[in-house]
file protein_20.txt (compact mmCIF, C-alpha atoms)
# COMPACT_ATOMS: atom_id res chain seq x y z
CA MET A 235 27.45 151.83 118.58
CA LEU A 236 30.63 152.37 120.57
CA GLY A 237 30.06 149.12 122.46
CA LYS A 238 29.81 147.15 119.21
CA ARG A 239 33.07 148.64 118.04
CA TRP A 240 34.88 147.49 121.18
CA ILE A 241 33.35 144.05 120.85
CA PHE A 242 34.63 143.86 117.25
CA ILE A 243 38.09 145.02 118.32
CA GLY A 244 38.13 142.42 121.09
CA ILE A 245 37.17 139.68 118.64
CA LEU A 246 39.99 140.76 116.29
CA ALA A 247 42.46 140.84 119.17
CA LEU A 248 41.46 137.35 120.27
CA ALA A 249 41.71 136.10 116.69
CA GLY A 250 45.12 137.71 116.32
CA LEU A 251 46.25 136.21 119.60
CA PHE A 252 44.98 132.81 118.52
CA ILE A 253 46.83 133.05 115.19
CA PHE A 254 49.96 134.28 117.00
CA VAL A 255 49.83 131.33 119.40
CA LEU A 256 49.16 128.91 116.55
CA ILE A 257 52.09 130.22 114.49
CA GLY A 258 54.33 130.31 117.55
CA GLN A 259 53.54 126.72 118.40
CA GLN A 260 54.26 125.62 114.85
CA ILE A 261 57.51 127.56 114.67
CA SER A 262 58.67 126.38 118.08
CA ALA A 263 57.59 122.74 117.75
CA PRO A 264 60.63 120.47 118.30
CA GLU A 265 59.41 118.30 115.41
CA ARG A 266 60.14 121.22 113.10
CA VAL A 267 63.86 121.16 113.86
CA VAL A 268 63.92 117.42 113.08
CA LYS A 269 62.38 118.11 109.67
CA GLN A 270 64.97 120.83 109.08
CA PHE A 271 67.67 118.34 110.04
CA GLU A 272 66.35 115.79 107.54
CA SER A 273 66.01 118.40 104.83
CA ALA A 274 69.56 119.70 105.27
CA VAL A 275 71.00 116.19 105.00
CA ARG A 276 68.78 115.18 102.08
CA ASP A 277 69.59 118.35 100.09
CA ASN A 278 73.28 118.40 101.13
CA GLN A 279 73.04 121.87 102.69
CA PRO A 280 75.73 122.26 105.38
CA LYS A 281 74.93 125.92 106.06
CA GLN A 282 71.26 125.06 106.59
CA LEU A 283 72.29 122.31 108.98
CA LEU A 284 74.68 124.63 110.79
CA ASN A 285 71.80 127.00 111.59
CA ILE A 286 70.11 124.35 113.73
CA LEU A 287 73.19 122.85 115.38
CA VAL A 288 74.61 123.70 118.78
CA SER A 289 77.65 122.21 120.47
CA GLY A 290 77.30 120.04 123.55
CA ASP A 291 80.58 121.54 124.77
CA PRO A 292 80.25 125.23 125.70
CA ASP A 293 83.96 125.69 124.93
CA ARG A 294 83.60 124.49 121.33
CA LYS A 295 81.57 125.79 118.43
CA VAL A 296 80.07 123.77 115.62
CA ASP A 297 81.20 125.12 112.26
CA VAL A 298 80.67 124.37 108.58
CA HIS A 299 83.54 121.87 108.66
CA ALA A 300 81.65 119.78 111.23
CA ALA A 301 78.32 120.21 109.42
CA LYS A 302 79.85 118.98 106.16
CA ALA A 303 81.33 115.94 107.91
CA MET A 304 77.97 115.10 109.51
CA ILE A 305 76.11 115.36 106.20
CA ALA A 306 78.78 113.27 104.43
CA ASP A 307 78.39 110.54 107.03
CA TYR A 308 74.58 110.38 106.90
CA ARG A 309 74.52 110.56 103.09
CA SER A 310 76.98 107.65 102.92
CA ASP A 311 74.80 105.55 105.24
CA ARG A 312 71.07 106.19 104.90
CA LYS A 313 70.28 103.68 107.66
CA ALA A 314 72.34 105.71 110.12
CA TRP A 315 70.56 108.89 108.95
CA LYS A 316 67.11 107.32 109.46
CA LYS A 317 68.16 105.93 112.84
CA ALA A 318 69.32 109.39 113.97
CA ALA A 319 66.07 111.07 112.84
CA ASP A 320 63.93 108.34 114.46
CA GLY A 321 65.95 108.71 117.65
CA LEU A 322 65.26 112.44 117.72
CA ARG A 323 61.51 111.85 117.30
CA GLU A 324 61.49 109.21 120.03
CA GLN A 325 63.26 111.62 122.34
CA ILE A 326 60.60 114.25 121.66
CA ALA A 327 57.76 111.76 122.16
CA ASP A 328 59.21 110.48 125.43
CA ARG A 329 60.24 113.99 126.52
CA SER A 330 63.55 112.49 127.59
CA SER A 331 67.03 113.91 127.78
CA ASP A 332 68.90 111.89 125.19
CA SER A 333 72.59 111.09 125.66
CA SER A 334 73.41 110.17 122.06
CA ASN A 335 75.69 112.19 119.80
CA VAL A 336 72.77 114.20 118.40
CA SER A 337 69.71 115.19 120.42
CA VAL A 338 67.00 117.85 120.52
CA THR A 339 67.68 120.54 123.08
CA ARG A 340 65.99 123.76 124.16
CA THR A 341 68.23 126.77 123.55
CA GLY A 342 66.09 129.77 124.49
CA ARG A 343 62.94 131.47 123.20
CA THR A 344 61.56 132.62 119.88
CA LEU A 345 58.91 135.33 119.41
CA LEU A 346 59.53 136.22 123.07
CA PHE A 347 57.25 133.52 124.47
CA PHE A 348 57.85 130.22 122.70
CA PRO A 349 60.64 127.73 123.33
CA LYS A 350 63.39 127.43 120.72
CA TYR A 351 64.92 124.07 119.84
CA LYS A 352 68.12 123.01 118.11
CA ILE A 353 70.08 119.82 117.50
CA LYS A 354 72.79 119.39 120.11
CA VAL A 355 75.96 117.69 118.86
CA ARG A 356 78.35 116.08 121.31
CA ASP A 357 81.98 115.67 120.35
CA VAL A 358 83.57 112.24 120.23
CA GLN A 359 86.92 111.09 121.58
CA VAL A 360 89.32 109.58 119.06
CA THR A 361 92.21 107.68 120.69
CA VAL A 362 95.56 107.13 118.98
CA THR A 363 97.24 103.73 119.44
CA GLY A 364 100.51 102.32 118.14
CA ALA A 365 102.69 105.40 118.57
CA GLU A 366 105.97 104.95 120.44
CA ASP A 367 108.54 107.21 122.05
CA GLY A 368 110.19 109.29 119.37
CA ASP A 369 107.07 109.42 117.20
CA LYS A 370 105.31 112.71 116.62
CA VAL A 371 101.76 112.04 115.46
CA VAL A 372 99.70 114.49 113.42
CA LEU A 373 96.04 113.80 112.60
CA THR A 374 94.24 115.80 109.94
CA PHE A 375 90.46 115.52 109.59
CA SER A 376 89.34 116.55 106.08
CA GLY A 377 92.12 119.09 105.82
CA ARG A 378 91.99 120.38 109.40
CA ALA A 379 94.81 119.46 111.77
CA ALA A 380 93.70 118.34 115.23
CA LYS A 381 95.51 119.09 118.47
CA LEU A 382 96.33 115.90 120.34
CA LYS A 383 95.92 115.73 124.10
CA LYS A 384 97.38 113.26 126.59
CA LYS A 385 95.45 111.05 128.96
CA GLY A 386 97.92 108.83 130.78
CA PRO A 387 99.92 106.88 128.19
CA LEU A 388 97.37 107.54 125.45
CA SER A 389 96.91 110.45 123.08
CA TYR A 390 93.48 111.52 121.95
CA VAL A 391 91.60 114.24 120.12
CA SER A 392 87.96 115.35 120.31
CA VAL A 393 86.03 115.82 117.08
CA PHE A 394 82.39 116.20 116.15
CA PRO A 395 80.76 113.06 114.72
CA GLY A 396 80.85 112.73 110.93
CA ARG A 397 82.68 111.23 108.00
CA TYR A 398 86.19 112.54 107.45
CA LYS A 399 89.14 111.95 105.20
CA LEU A 400 91.63 111.16 107.93
CA GLU A 401 95.33 111.59 107.25
CA LYS A 402 97.58 109.98 109.84
CA GLN A 403 101.15 111.24 109.87
CA VAL A 404 104.16 110.06 111.85
CA ILE A 405 107.37 112.04 112.11
CA ASN A 406 110.47 110.32 113.53
CA ASP A 407 114.19 109.81 112.88
CA LEU A 408 113.53 108.10 109.55
CA GLY A 409 111.38 110.87 108.10
CA ILE A 410 107.70 111.68 107.61
CA PHE A 411 105.27 108.86 106.85
CA SER A 412 101.54 109.05 106.32
CA LYS A 413 98.45 107.03 105.49
CA SER A 414 94.95 108.26 104.71
CA GLU A 415 91.53 106.67 105.02
CA ASN A 416 87.87 107.60 105.03
CA LEU A 417 86.53 107.27 108.55
CA SER A 418 83.00 107.57 109.93
CA ILE A 419 83.06 108.67 113.56
CA ARG A 420 79.83 108.10 115.51
CA GLY A 421 81.12 107.05 118.90
CA GLU A 422 84.41 106.62 120.73
CA THR A 423 86.90 105.59 118.06
CA SER A 424 90.46 104.31 118.00
CA VAL A 425 92.89 104.93 115.14
CA THR A 426 96.13 103.01 114.80
CA VAL A 427 99.50 104.45 113.86
CA ASP A 428 101.67 101.62 112.49
CA ALA A 429 105.03 103.34 112.05
CA GLU A 430 106.93 100.10 111.45
CA GLY A 431 104.49 98.89 108.80
CA TRP A 432 104.37 102.24 107.02
CA ILE A 433 108.15 102.56 107.02
CA GLN A 434 108.67 99.00 105.84
CA SER A 435 106.39 99.58 102.85
CA ASP A 436 107.75 103.06 102.13
CA ARG A 437 109.51 103.08 98.77
CA SER A 438 112.16 105.63 99.76
CA VAL A 439 113.18 103.63 102.86
CA ARG A 440 113.39 100.40 100.85
CA GLU A 441 115.54 102.17 98.27
CA GLN A 442 117.82 103.52 101.00
CA LEU A 443 118.33 100.03 102.42
CA ILE A 444 119.06 98.47 99.02
CA ARG A 445 121.39 101.32 98.15
CA THR A 446 123.31 100.82 101.41
CA VAL A 447 123.69 97.07 100.82
CA HIS A 448 124.78 97.70 97.23
CA GLN A 449 127.34 100.28 98.35
CA PHE A 450 128.64 97.92 101.04
CA ASN A 451 129.14 95.15 98.47
CA GLN A 452 131.15 97.52 96.28
CA GLU A 453 133.29 98.43 99.27
CA VAL A 454 134.02 94.76 99.94
CA SER A 455 136.06 94.51 96.71
CA VAL A 456 138.16 97.47 97.81
CA TRP A 457 138.47 95.99 101.30
CA GLU A 458 139.58 92.57 100.01
CA THR A 459 142.41 94.18 98.05
CA ALA A 460 143.45 96.64 100.75
CA LEU A 461 144.71 94.22 103.40
CA TYR A 462 141.24 94.26 104.98
CA ASN A 463 141.59 97.80 106.15
CA PRO A 464 138.41 98.43 108.20
CA LYS A 465 138.27 102.05 107.03
CA LYS A 466 137.37 100.81 103.53
CA LEU A 467 134.00 99.54 104.78
CA VAL A 468 132.43 102.99 105.07
CA SER A 469 128.87 101.61 104.95
CA ALA A 470 129.34 99.38 108.00
CA THR A 471 129.23 100.05 111.72
CA ASN A 472 132.55 100.37 113.57
CA ASP A 473 132.01 97.19 115.57
CA PHE A 474 131.17 95.11 112.52
CA ARG A 475 133.95 96.35 110.21
CA ASN A 476 136.62 96.15 112.93
CA GLY A 477 135.58 92.64 113.92
CA GLU A 478 135.38 91.32 110.35
CA SER A 479 138.65 92.96 109.39
CA ALA A 480 140.51 91.40 112.31
CA VAL A 481 139.23 87.91 111.44
CA ARG A 482 139.91 88.15 107.71
CA PHE A 483 143.34 89.73 108.13
CA ALA A 484 144.35 86.93 110.51
CA GLU A 485 143.26 84.37 107.89
CA PHE A 486 145.19 86.22 105.18
CA ASN A 487 148.33 86.32 107.29
CA ARG A 488 148.46 82.53 107.23
CA ILE A 489 148.75 82.43 103.42
CA LYS A 490 150.34 85.80 102.55
CA SER A 491 153.79 84.28 101.98
CA ARG A 492 152.39 82.25 99.04
CA VAL A 493 150.22 84.93 97.35
CA SER A 494 151.48 87.49 94.85
CA GLU A 495 148.23 89.00 93.55
CA ILE A 496 144.52 89.32 94.41
CA GLN A 497 141.74 90.67 92.17
CA SER A 498 138.17 91.38 93.21
CA ALA A 499 135.15 92.89 91.43
CA TYR A 500 131.57 93.16 92.64
CA LEU A 501 129.16 92.15 89.85
CA GLY A 502 125.77 92.83 91.45
CA MET A 503 123.04 91.21 93.49
CA SER A 504 119.46 89.99 93.52
CA VAL A 505 117.36 91.16 96.48
CA ASN A 506 114.44 89.23 97.95
CA MET A 507 112.03 92.12 98.59
CA ASP A 508 109.68 89.86 100.57
CA SER A 509 112.45 89.33 103.12
CA LEU A 510 112.91 93.03 103.82
CA SER A 511 111.79 93.98 107.32
CA VAL A 512 112.13 97.09 109.45
CA THR A 513 111.79 96.93 113.23
CA ARG A 514 112.32 99.15 116.23
CA TYR A 515 113.71 97.90 119.50
CA GLY A 516 114.72 100.04 122.45
CA GLY A 517 114.09 103.17 120.41
CA LYS A 518 116.56 102.08 117.70
CA TRP A 519 115.66 101.19 114.13
CA GLY A 520 116.97 98.01 112.53
CA ALA A 521 116.41 96.18 109.26
CA GLU A 522 117.09 92.85 107.59
CA VAL A 523 117.12 91.83 103.94
CA ASP A 524 118.24 88.75 102.01
CA ALA A 525 120.33 89.08 98.86
CA PHE A 526 122.20 86.82 96.45
CA VAL A 527 125.54 88.53 95.75
CA SER A 528 128.00 87.86 92.96
CA TYR A 529 131.77 88.53 92.95
CA ARG A 530 134.56 87.92 90.49
CA TYR A 531 137.54 86.91 92.60
CA ALA A 532 140.95 85.63 91.55
CA TYR A 533 144.38 85.20 93.09
CA ARG A 534 147.88 84.32 91.87
CA LEU A 535 150.33 82.22 93.80
CA LYS A 536 154.00 83.06 93.70
CA LYS A 537 155.95 81.38 90.88
CA GLU A 538 152.68 80.90 88.91
CA LYS A 539 151.82 82.81 85.75
CA ASN A 540 148.06 82.31 85.67
CA LEU A 541 145.40 83.59 88.05
CA ARG A 542 143.29 81.08 89.88
CA ASP A 543 139.56 81.81 89.61
CA ALA A 544 137.75 81.78 92.96
CA SER A 545 134.67 83.76 91.90
CA TYR A 546 131.63 83.17 94.06
CA LYS A 547 127.91 83.71 94.43
CA ARG A 548 126.46 83.62 97.90
CA GLY A 549 123.17 84.04 99.69
CA LEU A 550 123.51 86.53 102.52
CA ARG A 551 121.23 88.09 105.11
CA PHE A 552 122.23 91.68 105.75
CA ARG A 553 121.45 93.27 109.09
CA LEU A 554 121.41 97.06 109.26
CA ILE A 555 120.86 99.72 111.89
CA TYR A 556 119.93 103.36 111.42
CA HIS A 557 122.45 105.93 112.56
CA PRO A 558 120.38 108.97 113.62
CA THR A 559 123.34 111.34 113.88
CA GLY A 560 124.63 110.51 110.42
CA LYS A 561 121.07 110.06 109.15
CA LYS A 562 121.94 106.88 107.27
CA TRP A 563 121.68 103.08 107.38
CA LEU A 564 124.79 101.04 108.18
CA VAL A 565 125.45 97.31 107.78
CA SER A 566 125.84 95.80 111.24
CA GLY A 567 126.01 92.09 110.47
CA LEU A 568 126.00 89.29 107.88
CA GLU A 569 124.67 85.76 107.91
CA ASN A 570 124.86 83.00 105.32
CA THR A 571 121.45 81.91 104.06
CA TYR A 572 122.86 79.22 101.74
CA ASP A 573 120.44 80.27 99.02
CA SER A 574 121.25 78.89 95.59
CA GLU A 575 120.41 80.15 92.11
CA PRO A 576 117.40 77.76 91.82
CA THR A 577 116.12 79.15 95.13
CA VAL A 578 116.59 82.73 93.97
CA SER A 579 114.65 82.02 90.76
CA GLU A 580 111.62 81.19 92.93
CA TRP A 581 111.60 84.50 94.80
CA GLU A 582 108.28 86.15 93.97
CA LYS A 583 109.42 89.74 94.49
CA LYS A 584 112.98 90.06 93.31
CA GLU A 585 114.94 93.18 92.49
CA ASP A 586 118.13 92.82 90.48
CA VAL A 587 120.95 95.30 90.97
CA ARG A 588 123.67 94.95 88.37
CA VAL A 589 127.01 96.70 87.92
CA THR A 590 127.26 97.63 84.24
CA ASP A 591 131.02 98.19 84.27
CA PRO A 592 132.51 96.25 87.21
CA LYS A 593 135.72 97.80 88.47
CA VAL A 594 138.42 95.23 89.14
CA MET A 595 140.34 96.04 92.31
CA LYS A 596 143.88 94.63 92.62
CA TRP A 597 146.48 93.97 95.23
CA GLN A 598 149.99 92.89 94.23
CA VAL A 599 153.10 92.16 96.21
CA ASN A 600 155.18 94.52 94.09
CA GLY A 601 152.73 96.50 92.01
CA SER A 602 149.54 98.50 92.22
CA GLY A 603 147.93 98.09 95.56
CA PRO A 604 149.04 98.02 99.18
CA GLN A 605 152.33 96.29 99.93
CA LEU A 606 152.79 93.47 102.39
call {"tool": "encode", "arguments": {"input": "protein_20.txt", "output": "structure tokens"}}
result
Amino acid sequence: MLGKRWIFIGILALAGLFIFVLIGQQISAPERVVKQFESAVRDNQPKQLLNILVSGDPDRKVDVHAAKAMIADYRSDRKAWKKAADGLREQIADRSSDSSNVSVTRTGRTLLFFPKYKIKVRDVQVTVTGAEDGDKVVLTFSGRAAKLKKKGPLSYVSVFPGRYKLEKQVINDLGIFSKSENLSIRGETSVTVDAEGWIQSDRSVREQLIRTVHQFNQEVSVWETALYNPKKLVSATNDFRNGESAVRFAEFNRIKSRVSEIQSAYLGMSVNMDSLSVTRYGGKWGAEVDAFVSYRYAYRLKKEKNLRDASYKRGLRFRLIYHPTGKKWLVSGLENTYDSEPTVSEWEKKEDVRVTDPKVMKWQVNGSGPQL
């Protein structure tokens, strides 16, 4: 009787061991982690996915942020999702050590005896191009700022593969400029920082440039009736205003004995927005823009009662440079474009700047204004 009992116990033990082995094999099968991977992506469960992920870099941990990005990428491209899952199964079938971004890897044991598998995720290098000296670049991946590293002349950051809302930000003398895009990262990736392009299309920078040109044109009326005193051209560089003042004053000296009065008033301008460009050379920022300016100008000769009208409209190309110390744009040069009113009417992107109440500036030999 006792022998039968031991036989029965042995049979139960063997059955229990068999069931234990069977369950252990099922739990530890690498195919199971692939199914969990597919399920987490299909059901949009980042925490479920995180439980089966392990970083390929021992110094970095995979977190929910990375799991969400991975799911977002695969859900946006089902072909990529299927390719990744098929690749994992092929790796298992071939018993190979896969070098792709995601692979099945053994991470220890479960139930003491059976191997445990997870999905290993390797980070990807994202290289930044287009940045120049003086630019500070900040990259934010779906709300998380990344720390840039240097490799020779290039900057780069390592991120886990996935789909991110990437915000690219450049900080330099002109301010802070940014662009955002949705980016799927599956292998080595390059992102471009186009500071010149961003600045050129930035509304605030364009307004600053137009405002500077407009202010300069207003100063010209004061300058023309102040014996071409260079200090009246506040919105111009020293070299430009001193040079122009010397030339114009020399011209005026040749006729000053015949003139008794000068009047000048800036009426406004039309700006060709398509002509506006911003460039950087040698670390310095410059800009150009074409405008059609309008002035009321009159003068009186001695022994004459009536003013002679010499009002003019002129197409000009304004060159400007940015003064980092003063944090402002200054006019550094002018060039005749010989644009006419019919030409201006054909400008596709035109911005009109008008002076509602033009102030007439005067110079008289013996009156209001500087004396000769």
call {"tool": "closest_residue", "arguments": {"input": "protein_20.txt", "among": "A:Ser494, A:Thr471, A:Ser511, A:Ser376", "to": "Trp432 (chain A)", "atoms": "only C-alpha atoms"}}
result
A:Ser511
call {"tool": "atom_distance", "arguments": {"input": "protein_20.txt", "atom1": "CA of Lys490 (chain A)", "atom2": "CA of Val447 (chain A)"}}
result
29.0 Å
call {"tool": "residues_around", "arguments": {"input": "protein_20.txt", "residues": "Val439 (chain A)", "least_positions_apart": "5", "cutoff": "10 Å", "atoms": "only C-alpha atoms", "output": "PyMOL selection string"}}
result
chain A and resi 408-409+432-434+444-445+512+563
call {"tool": "atom_distance", "arguments": {"input": "protein_20.txt", "atom1": "CA of Asp320 (chain A)", "atom2": "CA of Asp291 (chain A)"}}
result
23.6 Å
call {"tool": "closest_residue", "arguments": {"input": "protein_20.txt", "among": "A:Ala470, A:Arg309, A:Ala532, A:Ile286", "to": "Asn451 (chain A)", "atoms": "all atoms listed in the file"}}
result
A:Ala470
call {"tool": "atom_distance", "arguments": {"input": "protein_20.txt", "atom1": "CA of Tyr308 (chain A)", "atom2": "CA of Arg397 (chain A)"}}
result
8.2 Å
call {"tool": "closest_residue", "arguments": {"input": "protein_20.txt", "among": "A:Phe394, A:Phe474, A:Phe483, A:Phe375", "to": "Asp297 (chain A)", "atoms": "all atoms listed in the file"}}
result
A:Phe394
call {"tool": "closest_residue", "arguments": {"input": "protein_20.txt", "among": "A:Glu265, A:Asp573, A:Asp586, A:Asp307", "to": "Gly321 (chain A)", "atoms": "only C-alpha atoms"}}
result
A:Glu265
call {"tool": "closest_residue", "arguments": {"input": "protein_20.txt", "among": "A:Thr559, A:Glu569, A:Asp508, A:Lys413", "to": "Glu582 (chain A)", "atoms": "only C-alpha atoms"}}
result
A:Asp508
call {"tool": "closest_residue", "arguments": {"input": "protein_20.txt", "among": "A:Ala327, A:Val371, A:Val565, A:Ala303", "to": "Glu453 (chain A)", "atoms": "only C-alpha atoms"}}
result
A:Val565
call {"tool": "residues_around", "arguments": {"input": "protein_20.txt", "residues": "Trp519 (chain A)", "least_positions_apart": "5", "cutoff": "9 Å", "atoms": "all atoms listed in the file", "output": "list in words"}}
result
Asp407, Leu408, Val512, Thr513, Arg514, Leu554, Ile555, Tyr556 and His557 of chain A
call {"tool": "write_last_selection", "arguments": {"input": "protein_20.txt", "atoms": "C-alpha atoms", "output": "PDB file, in the frame of the given file"}}
result
ATOM      1  CA  ASP A 407     114.190 109.810 112.880  1.00  0.00           C
ATOM      2  CA  LEU A 408     113.530 108.100 109.550  1.00  0.00           C
ATOM      3  CA  VAL A 512     112.130  97.090 109.450  1.00  0.00           C
ATOM      4  CA  THR A 513     111.790  96.930 113.230  1.00  0.00           C
ATOM      5  CA  ARG A 514     112.320  99.150 116.230  1.00  0.00           C
ATOM      6  CA  LEU A 554     121.410  97.060 109.260  1.00  0.00           C
ATOM      7  CA  ILE A 555     120.860  99.720 111.890  1.00  0.00           C
ATOM      8  CA  TYR A 556     119.930 103.360 111.420  1.00  0.00           C
ATOM      9  CA  HIS A 557     122.450 105.930 112.560  1.00  0.00           C
TER      10      HIS A 557
END
call {"tool": "axis_aligned_box", "arguments": {"input": "protein_20.txt", "around": "region 468-479 of chain A", "padding_each_side": "3 Å", "output": "AutoDock Vina command-line options"}}
result
--center_x 133.8 --center_y 97.2 --center_z 110.3 --size_x 15.8 --size_y 17.7 --size_z 16.6
call {"tool": "residues_near_point", "arguments": {"input": "protein_20.txt", "point": "(96.7, 104.0, 111.6)", "cutoff": "7 Å", "atoms": "all atoms listed in the file", "output": "ChimeraX atom specification"}}
result
/A:402,425-428
call {"tool": "write_last_selection", "arguments": {"input": "protein_20.txt", "atoms": "C-alpha atoms", "output": "PDB file, in the coordinates of the input"}}
result
ATOM      1  CA  LYS A 402      97.580 109.980 109.840  1.00  0.00           C
ATOM      2  CA  VAL A 425      92.890 104.930 115.140  1.00  0.00           C
ATOM      3  CA  THR A 426      96.130 103.010 114.800  1.00  0.00           C
ATOM      4  CA  VAL A 427      99.500 104.450 113.860  1.00  0.00           C
ATOM      5  CA  ASP A 428     101.670 101.620 112.490  1.00  0.00           C
TER       6      ASP A 428
END
call {"tool": "residues_around", "arguments": {"input": "protein_20.txt", "residues": "Arg356 (chain A)", "least_positions_apart": "2", "cutoff": "10 Å", "atoms": "all atoms listed in the file", "output": "PyMOL selection string"}}
result
chain A and resi 288-291+294+296+333-337+353-354+358-359+392-395+420-421
call {"tool": "residues_near_point", "arguments": {"input": "protein_20.txt", "point": "(77.4, 121.0, 107.6)", "cutoff": "10 Å", "atoms": "all atoms listed in the file", "output": "JSON, numbers by chain"}}
result
{"A": [274, 275, 278, 279, 280, 281, 282, 283, 284, 285, 287, 296, 297, 298, 299, 300, 301, 302, 303, 304, 305, 306, 396]}
call {"tool": "write_last_selection", "arguments": {"input": "protein_20.txt", "atoms": "C-alpha atoms", "output": "mmCIF file, in the frame of the given file"}}
result
data_model
loop_
_atom_site.group_PDB
_atom_site.id
_atom_site.type_symbol
_atom_site.label_atom_id
_atom_site.label_comp_id
_atom_site.auth_asym_id
_atom_site.auth_seq_id
_atom_site.Cartn_x
_atom_site.Cartn_y
_atom_site.Cartn_z
ATOM 1 C CA ALA A 274 69.560 119.700 105.270
ATOM 2 C CA VAL A 275 71.000 116.190 105.000
ATOM 3 C CA ASN A 278 73.280 118.400 101.130
ATOM 4 C CA GLN A 279 73.040 121.870 102.690
ATOM 5 C CA PRO A 280 75.730 122.260 105.380
ATOM 6 C CA LYS A 281 74.930 125.920 106.060
ATOM 7 C CA GLN A 282 71.260 125.060 106.590
ATOM 8 C CA LEU A 283 72.290 122.310 108.980
ATOM 9 C CA LEU A 284 74.680 124.630 110.790
ATOM 10 C CA ASN A 285 71.800 127.000 111.590
ATOM 11 C CA LEU A 287 73.190 122.850 115.380
ATOM 12 C CA VAL A 296 80.070 123.770 115.620
ATOM 13 C CA ASP A 297 81.200 125.120 112.260
ATOM 14 C CA VAL A 298 80.670 124.370 108.580
ATOM 15 C CA HIS A 299 83.540 121.870 108.660
ATOM 16 C CA ALA A 300 81.650 119.780 111.230
ATOM 17 C CA ALA A 301 78.320 120.210 109.420
ATOM 18 C CA LYS A 302 79.850 118.980 106.160
ATOM 19 C CA ALA A 303 81.330 115.940 107.910
ATOM 20 C CA MET A 304 77.970 115.100 109.510
ATOM 21 C CA ILE A 305 76.110 115.360 106.200
ATOM 22 C CA ALA A 306 78.780 113.270 104.430
ATOM 23 C CA GLY A 396 80.850 112.730 110.930
#
call {"tool": "residues_around", "arguments": {"input": "protein_20.txt", "residues": "Leu443 (chain A)", "least_positions_apart": "5", "cutoff": "9 Å", "atoms": "all atoms listed in the file", "output": "ChimeraX atom specification"}}
result
/A:438,448,510,521-523,554,563-564
call {"tool": "residues_around", "arguments": {"input": "protein_20.txt", "residues": "Ala380 (chain A)", "least_positions_apart": "4", "cutoff": "7 Å", "atoms": "all atoms listed in the file", "output": "list in words"}}
result
Leu373, Thr374 and Val391 of chain A
